[in-house]
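Worksheet: one structure, shown below.
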Amino acid sequence: MFDQLPDEPHLLGFVLFQVIFCATAATIVSGAVAVHDRDADALLPAAERYGLMPRIDQWVVRNTLAWLSDRVRRDGHLDRVFALNLSGASLSDEQFRQHLQAQLETLQLPPGSLCFEITETAAVANLSKVVHFIGEVKRLGCLFALDDFGSGLSSFAYLKNLPVDFLKIDGSFIKDIESDPIDLAMVQAINTIGHVMGLRTIAEYVSSEAILARVRELGVDYAQGYQVGMPRPLDALAPVRRMPR
């Protein structure tokens, strides 16, 4: 029976940070924080199967919030928005939401400094619970991004029901945007709809200067990918205070 997580160092390996770049102003405005583990391809599907993802998310959230709180105490502010991925299981877990809200209320991070990324697939799978989760957490000053947008069959139909702030355009459309006119048209359509709805758009998988230039031409707000910043350990920015599980 798989009912407990591996030891902390094996579980997480290290936490990675990757910048999100303002395509129009050519400045770093945000950063995505994610878990990297050398065995993640095996670990994460198993954790999802046995209902352990909320515990992994809780560990990542707790440590990242502690790190952000340390930076606020040291510098008096946060110089960018930090984004954290949440699994679909955590979005539907009431206990996880309550713990998250308690941590946010205790730490009192600057409003708008923390963003949670949720995938389109996870949002659509349990729409009413996800909408409730977003509403409760946004009251505490957090932002939300809809990740991998465009990968689902009914993307546009669900978008207007989700109170998110950012729309991350699925990287499968971005990576061939220079050579595939259909991908180009899809990105243009998603970007236009996002802006009409008052959302800021982010292009994923921006891996070359040519792709970045095309993204700029289309008016996409932000870019994320190897061209604008390689993933690096979070403690390369500042020491990480590791909290117990």
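Within each chain, counting starts at residue 1; across the structure tokens, chains are named A, B, ... in the order shown, with ligands numbered 1 upward in that order.
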Once DSSP has gone over the backbone, tell me which residues of region 44-185 of chain A are in alpha helix (DSSP H), as a VMD selection string. chain A and resid 44 to 49 53 to 75 88 to 91 94 to 107 120 to 125 127 to 138 155 to 159 171 to 174 181 to 185
Spatial neighbours of Gln188 (chain A), max dist 12 Å, only C-alpha atoms, sep filter under 3 positions, as a VMD selection string: chain A and resid 150 169 173 to 174 177 181 to 185 191 to 195 201 203 214 to 220
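The residue that comes closest to Gly198 (chain A), out of A:Leu52, A:Leu167, A:Met186, A:Ala66 and on the basis of only C-alpha atoms, is A:Leu167.
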Can you pull out every residue within 10 Å of Arg55 (chain A), counting only C-alpha atoms, but drop anything in the same chain fewer than 2 positions away, and send it as a compact mmCIF listing (two decimals) with C-alpha atoms, in the first residue's frame?
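As a result, result-v9.txt now contains:
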# COMPACT_ATOMS: atom_id res chain seq x y z
CA GLN A 4 3.31 7.71 2.56
CA LEU A 5 5.72 9.93 0.71
CA ALA A 47 1.24 10.23 -6.25
CA GLY A 51 -4.20 10.61 -3.79
CA LEU A 52 -0.95 12.06 -2.47
CA MET A 53 -0.69 15.15 -4.67
CA ASP A 57 1.52 20.56 -3.11
CA GLN A 58 1.22 21.44 0.57
CA TRP A 59 4.96 20.89 1.09
CA VAL A 60 5.85 23.04 -1.92
CA VAL A 61 3.41 25.80 -0.94
CA ALA A 89 -6.54 16.98 -6.68
CA SER A 90 -5.53 19.92 -4.48
CA PHE A 96 -5.81 21.80 1.40
CA ARG A 245 6.37 18.22 5.97
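The neighbours of Glu117 (chain A) here are the residues that come within 8 Å of it, using only C-alpha atoms and leaving out any residue fewer than 2 positions away in the same chain; they are A:Ala83, A:Leu84, A:Asn85, A:Leu86, A:Cys115, A:Thr119, A:Phe144, A:Ala145, A:Leu146, A:Asp147.
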Between A:Leu127, A:Ser155, A:Ile211, A:Gly112, which one has atoms that come closest to Ala189 (chain A), using only C-alpha atoms?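 Closest to Ala189 (chain A), using only C-alpha atoms: A:Ser155.
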For Ala125 (chain A), the nearest of the candidates A:Thr64, A:Ser92, A:Ser69, A:Asn161, counting only C-alpha atoms: A:Ser92
Show me, as a list in words, the residues that have an atom within 8 Å of Gly135 (chain A) when counting only C-alpha atoms, minus same-chain residues fewer than 4 positions from it. Val131, Arg139 and Pro163 of chain A
Using only C-alpha atoms, pick whichever of A:Leu68, A:Ile56, A:Met197, A:Ala122 has the shortest atom-to-atom distance to Leu234 (chain A). A:Leu68
In terms of only C-alpha atoms, the residue from A:Gly225, A:Gln18, A:Cys142, A:Leu212 at minimal distance from Gly171 (chain A) is A:Gly225
Write out as a PyMOL selection string each polymer residue whose atoms come within 9 Å of Asp93 (chain A), counting only C-alpha atoms; drop sequence neighbours fewer than 4 positions from it. chain A and resi 54+88-89+97-98+129
Written selection (N, CA, C and O atoms) as a PDB file, in the first residue's frame:
ATOM      1  N   PRO A  54      -2.097  16.362  -3.016  1.00  0.00           N
ATOM      2  CA  PRO A  54      -2.284  17.492  -2.093  1.00  0.00           C
ATOM      3  C   PRO A  54      -1.172  17.610  -1.057  1.00  0.00           C
ATOM      4  O   PRO A  54      -0.803  18.720  -0.657  1.00  0.00           O
ATOM      5  N   GLY A  88      -4.806  19.145  -9.846  1.00  0.00           N
ATOM      6  CA  GLY A  88      -6.258  19.079  -9.839  1.00  0.00           C
ATOM      7  C   GLY A  88      -6.797  18.530  -8.535  1.00  0.00           C
ATOM      8  O   GLY A  88      -7.851  18.977  -8.044  1.00  0.00           O
ATOM      9  N   ALA A  89      -6.088  17.568  -7.943  1.00  0.00           N
ATOM     10  CA  ALA A  89      -6.537  16.981  -6.676  1.00  0.00           C
ATOM     11  C   ALA A  89      -6.562  18.014  -5.564  1.00  0.00           C
ATOM     12  O   ALA A  89      -7.473  18.035  -4.729  1.00  0.00           O
ATOM     13  N   ARG A  97      -7.330  23.618   0.829  1.00  0.00           N
ATOM     14  CA  ARG A  97      -7.705  25.033   0.695  1.00  0.00           C
ATOM     15  C   ARG A  97      -7.692  25.740   2.046  1.00  0.00           C
ATOM     16  O   ARG A  97      -7.207  26.872   2.169  1.00  0.00           O
ATOM     17  N   GLN A  98      -8.210  25.081   3.066  1.00  0.00           N
ATOM     18  CA  GLN A  98      -8.245  25.699   4.391  1.00  0.00           C
ATOM     19  C   GLN A  98      -6.841  25.947   4.933  1.00  0.00           C
ATOM     20  O   GLN A  98      -6.563  27.003   5.518  1.00  0.00           O
ATOM     21  N   LYS A 129     -16.070  23.319  -8.153  1.00  0.00           N
ATOM     22  CA  LYS A 129     -15.138  23.346  -7.025  1.00  0.00           C
ATOM     23  C   LYS A 129     -13.956  24.263  -7.311  1.00  0.00           C
ATOM     24  O   LYS A 129     -13.467  24.970  -6.416  1.00  0.00           O
TER      25      LYS A 129
END
From the options A:Arg200, A:Ile190, A:Ala210, A:Asp148, which residue's atoms come nearest to Asp165 (chain A), counting only C-alpha atoms?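 Under the stated criterion, the closest residue is A:Arg200.
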